[in-house]
Structures are given as C-alpha cells and as structure tokens.
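One file, data29.csv, carrying CSV, C-alpha atoms (C1' of nucleotides):
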```csv
chain,number,residue,atom,x,y,z
A,668,MET,CA,182.6,122.0,199.2
A,669,GLU,CA,183.0,118.9,197.2
A,670,THR,CA,186.6,117.6,197.0
A,671,LYS,CA,186.9,118.1,193.3
A,672,LYS,CA,186.3,121.9,193.7
A,673,TYR,CA,188.7,122.2,196.6
A,674,ILE,CA,191.5,120.5,194.5
A,675,GLU,CA,190.9,123.0,191.7
A,676,LEU,CA,191.3,125.9,194.2
A,677,GLN,CA,194.3,124.3,195.7
A,678,GLU,CA,195.9,123.9,192.3
A,679,CYS,CA,195.0,127.5,191.5
A,680,PHE,CA,196.6,128.7,194.7
A,681,SER,CA,199.6,126.5,194.2
A,682,SER,CA,200.4,127.7,190.7
A,683,TYR,CA,199.8,131.3,191.9
A,684,LEU,CA,202.4,130.8,194.6
A,685,SER,CA,204.9,129.3,192.2
A,686,LYS,CA,204.3,132.1,189.7
A,687,LYS,CA,205.0,134.7,192.3
A,688,GLY,CA,207.9,132.9,193.8
A,689,LEU,CA,206.1,132.5,197.1
A,690,ARG,CA,206.6,129.4,199.2
A,691,ARG,CA,204.0,126.6,199.3
A,692,THR,CA,203.8,126.1,203.0
A,693,GLU,CA,201.6,123.6,204.9
A,694,GLU,CA,199.9,126.5,206.7
A,695,ARG,CA,198.8,128.2,203.6
A,696,PHE,CA,197.1,125.2,202.2
A,697,ALA,CA,195.6,124.3,205.6
A,698,ILE,CA,194.1,127.8,205.7
A,699,LEU,CA,192.6,127.5,202.2
A,700,GLU,CA,191.1,124.2,203.1
A,701,CYS,CA,189.6,125.5,206.2
A,702,ILE,CA,188.1,128.4,204.3
A,703,CYS,CA,186.5,126.0,201.9
A,704,ASP,CA,184.9,124.2,204.8
A,705,LEU,CA,183.5,127.5,206.2
A,706,LYS,CA,181.7,128.0,202.9
A,707,GLY,CA,180.1,131.4,203.6
A,708,HIS,CA,181.3,134.7,205.1
A,709,PHE,CA,183.9,134.7,207.8
A,710,ASP,CA,186.4,136.9,209.5
A,711,VAL,CA,189.9,136.2,210.8
A,712,TYR,CA,188.6,135.5,214.3
A,713,VAL,CA,186.2,132.8,213.1
A,714,LEU,CA,188.7,131.3,210.7
A,715,HIS,CA,191.4,131.1,213.4
A,716,ARG,CA,189.0,129.7,216.0
A,717,LYS,CA,187.8,127.0,213.5
A,718,MET,CA,191.4,126.0,212.9
A,719,GLU,CA,192.2,125.8,216.6
A,720,GLU,CA,189.1,123.7,217.1
A,721,ALA,CA,190.5,121.3,214.4
A,722,ASN,CA,193.7,121.2,216.4
A,723,TYR,CA,195.6,122.9,213.7
A,724,HIS,CA,197.5,125.8,215.2
A,725,VAL,CA,198.6,128.8,213.2
A,726,SER,CA,199.3,132.2,214.5
A,727,ARG,CA,196.8,135.0,213.7
A,728,ALA,CA,199.6,136.9,211.8
A,729,THR,CA,199.9,133.9,209.5
A,730,VAL,CA,196.2,133.9,208.9
A,731,TYR,CA,196.2,137.5,208.0
A,732,ASN,CA,199.2,137.0,205.7
A,733,THR,CA,197.6,134.1,203.9
A,734,ILE,CA,194.3,135.8,203.5
A,735,GLU,CA,196.1,138.7,201.9
A,736,VAL,CA,197.7,136.3,199.3
A,737,LEU,CA,194.4,134.6,198.7
A,738,VAL,CA,192.8,137.9,198.0
A,739,GLU,CA,195.6,139.0,195.7
A,740,CYS,CA,195.2,135.8,193.7
A,741,GLY,CA,191.5,136.3,193.5
A,742,LEU,CA,190.4,133.2,195.4
A,743,VAL,CA,189.0,135.1,198.3
A,744,VAL,CA,187.0,138.3,198.3
A,745,ARG,CA,187.3,141.1,200.8
A,746,HIS,CA,183.9,142.6,201.5
A,747,GLN,CA,185.0,146.1,202.2
A,748,PHE,CA,186.6,149.2,200.8
A,749,PRO,CA,190.4,148.7,200.7
A,750,VAL,CA,191.0,151.0,203.6
A,751,SER,CA,191.0,150.2,207.3
A,752,SER,CA,188.4,152.6,208.6
A,753,GLN,CA,184.8,152.5,207.9
A,754,GLN,CA,183.6,154.5,204.9
A,755,TYR,CA,180.5,156.5,204.8
A,756,GLU,CA,178.7,158.5,202.2
A,757,LEU,CA,175.6,160.7,202.0
A,758,ARG,CA,172.8,158.5,201.0
A,759,ALA,CA,171.8,161.1,198.4
A,760,TYR,CA,175.2,160.5,196.7
A,761,ALA,CA,175.4,156.8,197.3
A,762,GLU,CA,172.1,156.1,195.6
A,763,THR,CA,173.2,157.5,192.3
A,764,HIS,CA,175.6,154.5,191.8
A,765,SER,CA,173.7,141.0,196.3
A,766,HIS,CA,174.0,140.4,199.6
A,767,LEU,CA,170.8,141.2,201.4
A,768,ILE,CA,171.7,143.0,204.6
A,769,CYS,CA,169.2,143.7,207.3
A,770,MET,CA,169.7,147.2,208.6
A,771,GLN,CA,168.1,146.2,211.9
A,772,CYS,CA,169.6,142.9,213.0
A,773,GLY,CA,172.5,142.7,210.7
A,774,ALA,CA,171.6,139.4,209.2
A,775,VAL,CA,173.2,138.7,205.8
A,776,ARG,CA,171.4,136.7,203.2
A,777,GLU,CA,172.6,135.9,199.7
A,778,LEU,CA,170.4,136.7,196.7
A,779,LYS,CA,170.9,135.1,193.3
A,780,ASN,CA,169.6,136.6,190.2
A,781,GLU,CA,171.2,135.4,187.0
A,782,ALA,CA,169.8,138.0,184.7
A,783,LEU,CA,171.0,140.8,186.9
A,784,GLN,CA,174.4,139.3,187.4
A,785,LYS,CA,174.7,138.8,183.7
A,786,SER,CA,173.9,142.4,183.0
A,787,ILE,CA,176.5,143.6,185.6
A,788,VAL,CA,179.2,141.4,184.2
A,789,SER,CA,178.5,142.4,180.6
A,790,MET,CA,178.5,146.1,181.4
A,791,GLN,CA,181.1,148.0,179.4
A,792,ILE,CA,183.1,150.3,181.7
A,793,PRO,CA,185.5,152.9,180.3
A,794,ARG,CA,189.0,153.1,181.7
A,795,PHE,CA,188.5,150.2,184.1
A,796,THR,CA,189.3,146.5,183.9
A,797,SER,CA,186.6,144.8,186.0
A,798,VAL,CA,187.5,141.6,187.8
A,799,TYR,CA,184.6,140.9,190.1
A,800,HIS,CA,181.7,142.7,191.7
A,801,ALA,CA,179.6,142.6,194.9
A,802,LEU,CA,176.1,144.0,195.2
A,803,TYR,CA,174.7,144.8,198.6
A,804,ILE,CA,171.1,145.4,199.1
A,805,TYR,CA,170.2,147.0,202.4
A,806,GLY,CA,166.8,146.8,204.0
A,807,LEU,CA,164.8,144.8,206.4
A,808,CYS,CA,164.5,141.0,206.7
A,809,GLN,CA,161.1,139.5,207.1
A,810,LYS,CA,161.4,139.2,210.9
A,811,CYS,CA,162.5,142.8,211.5
A,812,SER,CA,160.0,144.1,208.9
A,813,ARG,CA,157.3,142.5,211.0
A,814,LEU,CA,158.6,144.0,214.2
A,815,GLN,CA,158.8,147.4,212.7
A,816,ALA,CA,155.2,147.1,211.4
A,817,GLY,CA,154.2,146.3,214.9
A,818,LYS,CA,155.9,149.4,216.3
A,819,LYS,CA,154.4,151.6,213.6
A,820,SER,CA,150.8,150.6,214.4
A,821,LYS,CA,151.6,151.4,218.1
A,822,ASN,CA,153.1,154.8,217.2
A,823,ILE,CA,150.0,155.9,215.3
A,824,ASN,CA,148.8,157.6,218.5
A,825,GLU,CA,152.0,159.6,219.0
B,1345,MET,CA,175.6,170.7,197.6
B,1346,GLU,CA,173.2,173.4,196.7
B,1347,THR,CA,171.5,175.1,199.6
B,1348,LYS,CA,168.0,173.9,198.7
B,1349,LYS,CA,169.1,170.3,199.0
B,1350,TYR,CA,170.9,170.8,202.3
B,1351,ILE,CA,167.8,172.4,203.8
B,1352,GLU,CA,165.8,169.4,202.7
B,1353,LEU,CA,168.3,167.1,204.4
B,1354,GLN,CA,168.3,169.3,207.5
B,1355,GLU,CA,164.6,169.2,207.7
B,1356,CYS,CA,164.5,165.5,207.3
B,1357,PHE,CA,167.1,165.1,210.1
B,1358,SER,CA,165.3,167.5,212.3
B,1359,SER,CA,161.9,165.7,212.0
B,1360,TYR,CA,163.6,162.4,212.6
B,1361,LEU,CA,165.2,163.7,215.8
B,1362,SER,CA,161.9,165.0,217.0
B,1363,LYS,CA,160.1,161.8,216.1
B,1364,LYS,CA,162.6,159.8,218.1
B,1365,GLY,CA,162.7,162.2,221.0
B,1366,LEU,CA,166.3,163.0,220.3
B,1367,ARG,CA,167.7,166.5,220.9
B,1368,ARG,CA,168.3,168.9,218.1
B,1369,THR,CA,171.8,170.0,219.1
B,1370,GLU,CA,174.0,172.5,217.3
B,1371,GLU,CA,176.7,169.9,216.9
B,1372,ARG,CA,174.4,167.4,215.1
B,1373,PHE,CA,173.4,169.9,212.5
B,1374,ALA,CA,176.9,171.2,212.1
B,1375,ILE,CA,178.1,167.6,211.4
B,1376,LEU,CA,175.4,167.1,208.8
B,1377,GLU,CA,176.3,170.4,207.1
B,1378,CYS,CA,179.9,169.4,207.0
B,1379,ILE,CA,179.0,166.0,205.5
B,1380,CYS,CA,177.1,167.8,202.8
B,1381,ASP,CA,180.2,169.8,201.9
B,1382,LEU,CA,182.3,166.7,201.8
B,1383,LYS,CA,180.1,165.3,199.0
B,1384,GLY,CA,181.8,161.9,198.4
B,1385,HIS,CA,183.1,159.2,200.7
B,1386,PHE,CA,184.6,160.0,204.0
B,1387,ASP,CA,185.6,158.5,207.3
B,1388,VAL,CA,185.3,159.9,210.8
B,1389,TYR,CA,188.9,161.0,210.7
B,1390,VAL,CA,188.4,163.1,207.6
B,1391,LEU,CA,185.1,164.5,208.8
B,1392,HIS,CA,186.5,165.4,212.1
B,1393,ARG,CA,189.6,167.1,210.6
B,1394,LYS,CA,187.4,169.1,208.2
B,1395,MET,CA,185.4,170.4,211.1
B,1396,GLU,CA,188.5,171.3,213.1
B,1397,GLU,CA,189.8,173.1,210.0
B,1398,ALA,CA,186.6,175.1,209.9
B,1399,ASN,CA,187.2,176.0,213.5
B,1400,TYR,CA,184.2,174.0,214.6
B,1401,HIS,CA,185.3,171.8,217.5
B,1402,VAL,CA,183.3,168.6,218.3
B,1403,SER,CA,184.8,165.5,220.0
B,1404,ARG,CA,185.2,162.4,218.0
B,1405,ALA,CA,182.8,160.6,220.3
B,1406,THR,CA,180.1,163.1,219.2
B,1407,VAL,CA,181.0,162.6,215.5
B,1408,TYR,CA,180.5,158.8,216.0
B,1409,ASN,CA,177.3,159.3,217.8
B,1410,THR,CA,175.9,161.6,215.2
B,1411,ILE,CA,176.9,159.5,212.3
B,1412,GLU,CA,175.1,156.6,214.0
B,1413,VAL,CA,171.9,158.6,214.1
B,1414,LEU,CA,172.3,159.8,210.5
B,1415,VAL,CA,172.7,156.2,209.4
B,1416,GLU,CA,169.7,155.1,211.4
B,1417,CYS,CA,167.5,157.8,209.8
B,1418,GLY,CA,168.8,156.8,206.3
B,1419,LEU,CA,170.6,160.0,205.4
B,1420,VAL,CA,174.0,158.5,205.5
B,1421,VAL,CA,175.1,155.1,204.2
B,1422,ARG,CA,177.7,152.9,205.9
B,1423,HIS,CA,179.8,151.2,203.2
B,1424,GLN,CA,180.4,148.0,205.1
B,1425,PHE,CA,178.9,144.9,206.5
B,1426,PRO,CA,177.3,145.7,209.8
B,1427,VAL,CA,180.0,144.1,211.9
B,1428,SER,CA,183.2,145.6,213.0
B,1429,SER,CA,185.7,143.2,211.5
B,1430,GLN,CA,186.5,142.7,207.9
B,1431,GLN,CA,184.4,140.1,206.2
B,1432,TYR,CA,185.8,137.7,203.6
B,1433,GLU,CA,184.3,135.0,201.4
B,1434,LEU,CA,185.6,132.5,198.9
B,1435,ARG,CA,185.4,134.2,195.5
B,1436,ALA,CA,183.7,131.1,194.1
B,1437,TYR,CA,180.8,131.7,196.5
B,1438,ALA,CA,180.8,135.4,196.4
B,1439,GLU,CA,180.5,135.5,192.6
B,1440,THR,CA,177.2,133.6,192.6
B,1441,HIS,CA,175.5,136.6,193.9
B,1442,SER,CA,179.1,150.4,191.5
B,1443,HIS,CA,181.7,151.7,193.0
B,1444,LEU,CA,184.8,150.9,190.9
B,1445,ILE,CA,187.5,149.9,193.3
B,1446,CYS,CA,191.0,149.3,192.1
B,1447,MET,CA,192.4,146.2,193.6
B,1448,GLN,CA,195.9,147.5,193.2
B,1449,CYS,CA,196.0,151.1,194.4
B,1450,GLY,CA,192.6,151.2,196.2
B,1451,ALA,CA,191.3,154.1,194.2
B,1452,VAL,CA,187.5,154.4,194.3
B,1453,ARG,CA,185.6,155.7,191.4
B,1454,GLU,CA,181.8,156.0,191.0
B,1455,LEU,CA,180.0,154.5,188.0
B,1456,LYS,CA,176.6,155.5,187.0
B,1457,ASN,CA,174.4,153.3,184.8
B,1458,GLU,CA,170.7,154.2,185.0
B,1459,ALA,CA,169.5,151.1,183.3
B,1460,LEU,CA,171.3,148.8,185.7
B,1461,GLN,CA,170.3,150.9,188.7
B,1462,LYS,CA,166.7,150.7,187.6
B,1463,SER,CA,166.8,146.9,187.2
B,1464,ILE,CA,168.3,146.5,190.6
B,1465,VAL,CA,165.7,148.8,192.2
B,1466,SER,CA,162.8,147.1,190.5
B,1467,MET,CA,163.9,143.7,191.4
B,1468,GLN,CA,161.4,141.7,193.4
B,1469,ILE,CA,162.9,140.1,196.4
B,1470,PRO,CA,161.0,137.6,198.5
B,1471,ARG,CA,160.9,138.0,202.3
B,1472,PHE,CA,163.0,141.2,202.2
B,1473,THR,CA,162.1,144.9,202.2
B,1474,SER,CA,164.9,146.6,200.3
B,1475,VAL,CA,165.8,150.1,201.2
B,1476,TYR,CA,169.0,150.9,199.3
B,1477,HIS,CA,171.8,149.0,197.6
B,1478,ALA,CA,175.5,149.3,196.8
B,1479,LEU,CA,177.3,147.7,193.9
B,1480,TYR,CA,181.1,147.4,194.1
B,1481,ILE,CA,183.0,146.5,191.0
B,1482,TYR,CA,186.6,145.4,191.8
B,1483,GLY,CA,189.3,145.5,189.2
B,1484,LEU,CA,192.1,147.6,187.9
B,1485,CYS,CA,192.0,151.3,187.2
B,1486,GLN,CA,193.5,152.5,184.0
B,1487,LYS,CA,196.8,153.5,185.6
B,1488,CYS,CA,197.4,150.2,187.4
B,1489,SER,CA,196.1,148.2,184.4
B,1490,ARG,CA,198.9,149.8,182.4
B,1491,LEU,CA,201.5,149.1,185.0
B,1492,GLN,CA,200.4,145.5,185.2
B,1493,ALA,CA,200.6,145.1,181.4
B,1494,GLY,CA,204.1,146.5,181.6
B,1495,LYS,CA,205.1,143.9,184.2
B,1496,LYS,CA,203.5,141.1,182.2
B,1497,SER,CA,205.5,141.8,179.1
B,1498,LYS,CA,208.7,141.8,181.3
B,1499,ASN,CA,207.7,138.5,182.9
B,1500,ILE,CA,207.3,136.8,179.6
B,1501,ASN,CA,210.9,135.7,180.0
B,1502,GLU,CA,210.4,134.1,183.4
C,327,DA,C1',164.4,170.4,236.6
C,328,DT,C1',165.3,166.4,234.1
C,329,DG,C1',167.8,163.5,231.7
C,330,DT,C1',170.0,163.4,227.0
C,331,DA,C1',174.3,164.9,224.6
C,332,DT,C1',178.8,166.4,224.8
C,333,DG,C1',184.0,166.3,225.7
C,334,DC,C1',187.7,164.1,227.4
C,335,DA,C1',190.6,160.4,228.3
C,336,DA,C1',191.0,155.7,229.0
C,337,DA,C1',189.8,151.1,227.3
C,338,DC,C1',189.0,148.0,223.7
C,339,DC,C1',190.0,145.0,220.0
C,340,DA,C1',191.1,143.9,215.1
C,341,DT,C1',195.1,144.3,212.5
C,342,DT,C1',200.0,145.2,211.8
C,343,DT,C1',204.8,145.1,213.0
C,344,DG,C1',209.4,143.5,214.8
C,345,DC,C1',212.4,140.0,215.5
C,346,DA,C1',214.2,135.5,216.4
C,347,DA,C1',213.4,130.7,215.0
C,348,DT,C1',212.0,127.6,211.4
C,349,DG,C1',211.8,125.4,207.1
C,350,DA,C1',210.9,125.6,201.6
C,351,DC,C1',213.7,126.1,197.9
D,578,DG,C1',222.9,127.7,202.9
D,579,DT,C1',219.7,131.4,201.9
D,580,DC,C1',215.9,134.0,202.7
D,581,DA,C1',210.8,133.9,202.9
D,582,DT,C1',207.5,132.5,206.4
D,583,DT,C1',206.1,131.5,210.9
D,584,DG,C1',205.0,132.4,215.9
D,585,DC,C1',204.9,135.3,219.5
D,586,DA,C1',204.3,139.6,221.7
D,587,DA,C1',204.2,144.4,221.5
D,588,DA,C1',202.6,148.4,218.9
D,589,DT,C1',199.1,150.7,216.3
D,590,DG,C1',195.0,153.0,215.3
D,591,DG,C1',190.0,153.2,214.6
D,592,DT,C1',186.1,152.9,217.6
D,593,DT,C1',183.7,152.5,222.1
D,594,DT,C1',183.0,153.5,226.9
D,595,DG,C1',182.7,155.8,231.5
D,596,DC,C1',181.9,159.8,233.8
D,597,DA,C1',181.6,164.6,234.9
D,598,DT,C1',179.7,168.8,232.7
D,599,DA,C1',176.6,171.3,229.7
D,600,DC,C1',172.3,172.2,227.7
D,601,DA,C1',167.8,171.1,224.9
D,602,DT,C1',163.4,170.1,226.3
```

Will you turn the file into structure tokens for me?
Amino acid sequence: METKKYIELQECFSSYLSKKGLRRTEERFAILECICDLKGHFDVYVLHRKMEEANYHVSRATVYNTIEVLVECGLVVRHQFPVSSQQYELRAYAETHSHLICMQCGAVRELKNEALQKSIVSMQIPRFTSVYHALYIYGLCQKCSRLQAGKKSKNINE
Amino acid sequence: METKKYIELQECFSSYLSKKGLRRTEERFAILECICDLKGHFDVYVLHRKMEEANYHVSRATVYNTIEVLVECGLVVRHQFPVSSQQYELRAYAETHSHLICMQCGAVRELKNEALQKSIVSMQIPRFTSVYHALYIYGLCQKCSRLQAGKKSKNINE
DNA sequence: ATGTATGCAAACCATTTGCAATGAC
DNA sequence: GTCATTGCAAATGGTTTGCATACAT
C-alpha cells in the first residue's frame, strides 16, 4: 500500500484511539502497518508470524486486542458472523437472502463489479444503519471446475 | 418447513448418498430432519442440543460428519470462509468488492431484495462457476443505533 | 462378510483470560 | 503516579481424531 494511504489509516486509527481514550502504543501502530503490508486476507497466525519475521515481537494476545480495536473503528473487517462457532443454514433458506470462494479447494478470489456494489450500497434498508457489506459467491474455480468435468465424464458409466 | 419440502430434501440427500456410495443411516436423516425444523441459522451445539431435547441421541462427532456431507451435497451452507480460523481484511480492500449483522450486539437479521438477488445471480463471472452466494451487510440494528445516538449526544461535551 | 459409520473420550488448536510488569498519559 | 496495555502462560471451548463397536450394504 502506498505510503500516503497508510498515513491516512494511521491518522484515522490515531484519532479513533484518542476519541475513545485508548492509548496510542507502538505495538498498535506496528500491527496496523503490518496489516497494510499484508494487503489481502489474513488471520492472526499469519499476521503474528509476519511480525516475528520482521523481528518485531508482540504477543498474540496483543494482536487479538489490537485487531479488535481496528474492527471496532472500522479499519479492519472480520469475515465471519460475530460468534465464535461456525454458522450453518439450510441452503433453501440461505438462498432467499464478492469474494469468489471455491467450494473444492478453498481458493478465495476477489471480484469487482461497480454496478452491483453501487446497487448494494444504495439499497434502502428499514430499521438498519448499514456500514459495510461483504458478498461471498461460492462455486468452483476454473481449475476445480475442469477436474470435476473430468470426473463426470468418467462417471457416466456408473 | 412443510412436509413436502422436507421430503424433497430427504430424497435429494438420499440420492446423493447412494451416488457417492455412502450409507443411508438413520442418524443422517434424523439430523437433516432436525435441521429442517430449526429453519434459520444454527451451529453444531444448537443442533445437537435440539436433538437431545427430542430424545434423539447422536454423538457430536456424527453431527459434524453429517453436516460435512450435507454441505458437500449443497443442502446446507457454511457461513464462513473455508478455513478454520477467522479471516480479516483491511476495510479499504474489502470494500472494493444479505444478512444484516449488527456490529454492536451481533444480532443477525435476514434481508430479502429480489431485484438485487437477481442481479447477483445473473452476473457473468469469468473463470468461475458460481453455485450460491451470501451477502452480509454490517451495521447497526435499530436498538443499537438508538443507543449509539444517545451516547453521541452525551459525548458532545467531551 | 465387509468395511463404513457411530459413540466416546482424548487430542488439538484458535482464542480468551488472569495476573504481574510495563509504559502512555 | 495512575491505570490501561503488554507479555506470558494457563484455561477455554469448538472441532477433530483414534479406536472399538455397530450396522448398512
């Protein structure tokens, strides 16, 4: 991420911390900086490892704490329901409601579609103040799609 | 869920099991039936408890195993990235890409919008075979929105 | 009869918690 | 100086695994 953008985020984080009466510690800014370098998706393990690799030691507890603050202030997005266990739903229900996620190999790819994003953002929702959204499209990536097609033609004789 | 719909799902599950050479056990159908009764979101804990309450005992391991099969055959949706740990992303990145999820209290509400769903489904995606999608809109529910507004007016004097 | 599926309990691992030491204010 | 934040290690809790038993095919 270009320096200018990082500084904006840093300032945003800094003013959020002040506003909330939270301390501006070296660790917190180091973690935000590391996240900026990671660019895409990450989990605590990856983030923590990256920081160790850069010879910047913070405890995992601090990483969790800082991420929490970053999520609260809206700089970081948590890609999950806000409960700890995995959530499921009958597909029949779920479908009545974009990352591209391959159901086979788990690869995650981003999809940009301005028109769609626009229509989501401009949607009027009663009794809800929307802040941001995430669209996940599940399916098969090109590679797995081909593999599956291969299997299918074999299975014709079953 | 009305009986007719459950039977359809049961048949779908049954034929999937046959096709894959998996056994059609009593437990597997009991679990699917219980999921149909649950209707909305659930986790393994809730599902397992519900079955115990109905005096139908299955081990948690079996619940996990069966859910896995149900996800594979597309009857059940897993509301998460296909990795075990929570995934994060800089909001600045995530935004370039509908459940209504309250960022404050975690309440999850469903939002239906046919036009939007239609435009998502009809979207042409290169090198990806889409199967289903999930749109999460994060923000504040009415209750928390009011609480926050209350706080803000207090904080004006900060 | 064969080998998959189940039940149980132990193992695993991401995340959280408790507490003493540190350091931002 | 005060008290939030950190680091460390232990605890927690959802999920997975190993293995003996049960049962669908």

Next item on the list: Tell me, as a ChimeraX atom specification, which residues lie within 8 Å of DA601 of chain D, counting only C-alpha atoms (C1' of nucleotides); anything in the same chain fewer than 6 positions away does not count.
Entry: /B:1367-1369

Chain B near chain D within 10 Å: what's each residue's closest atom pair and its distance in Å to one decimal, counting all atoms listed in the file, ordered by chain then ascending residue number, as a tab-separated table?
```
residue	atom	partner	partner_atom	distance
B:Gly1365	CA	D:DT602	C1'	9.5
B:Leu1366	CA	D:DA601	C1'	9.4
B:Arg1367	CA	D:DA601	C1'	6.1
B:Arg1368	CA	D:DA601	C1'	7.2
B:Thr1369	CA	D:DA601	C1'	7.1
B:Glu1370	CA	D:DA601	C1'	9.9
B:Val1388	CA	D:DG591	C1'	9.0
B:Tyr1389	CA	D:DG591	C1'	8.8
B:Arg1404	CA	D:DT592	C1'	9.6
B:Ala1405	CA	D:DT593	C1'	8.3
B:Tyr1408	CA	D:DT592	C1'	8.3
B:Ser1428	CA	D:DT592	C1'	9.1
```

Compile a residue-level contact table for chain C against chain A at a cut-off of 10 Å, reporting for every qualifying residue the shortest atom pair and its distance in Å to one decimal, with all atoms listed in the file counted, rows ordered by chain and ascending number, as a Markdown table.
```
| residue | atom | partner | partner_atom | distance |
| --- | --- | --- | --- | --- |
| C:DA340 | C1' | A:Tyr712 | CA | 8.8 |
| C:DT341 | C1' | A:Tyr731 | CA | 8.2 |
| C:DT342 | C1' | A:Ala728 | CA | 8.3 |
| C:DT343 | C1' | A:Ala728 | CA | 9.8 |
| C:DG349 | C1' | A:Thr692 | CA | 9.0 |
| C:DA350 | C1' | A:Arg690 | CA | 6.2 |
| C:DC351 | C1' | A:Arg690 | CA | 7.9 |
```

Check: atom CA of Arg1453 of chain B and atom CA of Gln1468 of chain B, how far apart in Å?
Finding: 28.0 Å

Next item on the list: May I ask which of the residues A:Cys769, A:Asp710, A:Cys679, A:Thr733 is the closest one to chain B, counting all atoms listed in the file?
Entry: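 Ranking A:Cys769, A:Asp710, A:Cys679, A:Thr733 by distance to chain B, first place goes to A:Asp710.
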
Notebook entry, point to check: For Ile1411 of chain B, which of B:Val1475, B:Ala1398, B:Ile1375, B:Val1390 is the closest residue, counting all atoms listed in the file?
Noted result: B:Ile1375

Checklist line | Atomic separation - atom CA of Phe1357 of chain B relative to atom CA of Leu1391 of chain B, Å | finding: 18.1 Å

Notebook entry, point to check: In terms of the shortest atom-to-atom distance over all atoms listed in the file, which of B:Arg1422, B:Lys1349, B:His1401, B:Lys1364 is closest to chain A?
Noted result: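 Answer, going by the shortest atom-to-atom distance: B:Arg1422.
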
Check: Any idea what the distance is between atom CA of Ala801 of chain A and atom CA of Tyr1480 of chain B?
Finding: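 One can read the atom CA of Ala801 of chain A to atom CA of Tyr1480 of chain B distance as 5.1 Å.
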
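Of the residues under consideration (B:Ala1374, B:Val1407, B:Leu1455, B:Val1465), B:Leu1455 shows the shortest atom-to-atom contact distance to chain A when counting all atoms listed in the file.
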
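Of the listed residues (A:Ala774, A:Glu781, A:Gln677, A:Leu742), A:Leu742 comes nearest to chain B; the distances count all atoms listed in the file.
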
Enclose all atoms of segment 333-346 of chain C listed in the file in an axis-aligned box, grow every side by 5 Å, and hand back centre and edge lengths in Å to one decimal, as JSON.
```
{"center_x": 199.1, "center_y": 150.9, "center_z": 220.4, "size_x": 40.2, "size_y": 40.8, "size_z": 27.2}
```

Notebook entry, point to check: Which one is closest to chain A: B:Glu1355, B:Glu1454, B:Glu1377, B:Glu1371? Count all atoms listed in the file.
Noted result: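 Checking each of B:Glu1355, B:Glu1454, B:Glu1377, B:Glu1371 against chain A, counting all atoms listed in the file, the winner is B:Glu1454.
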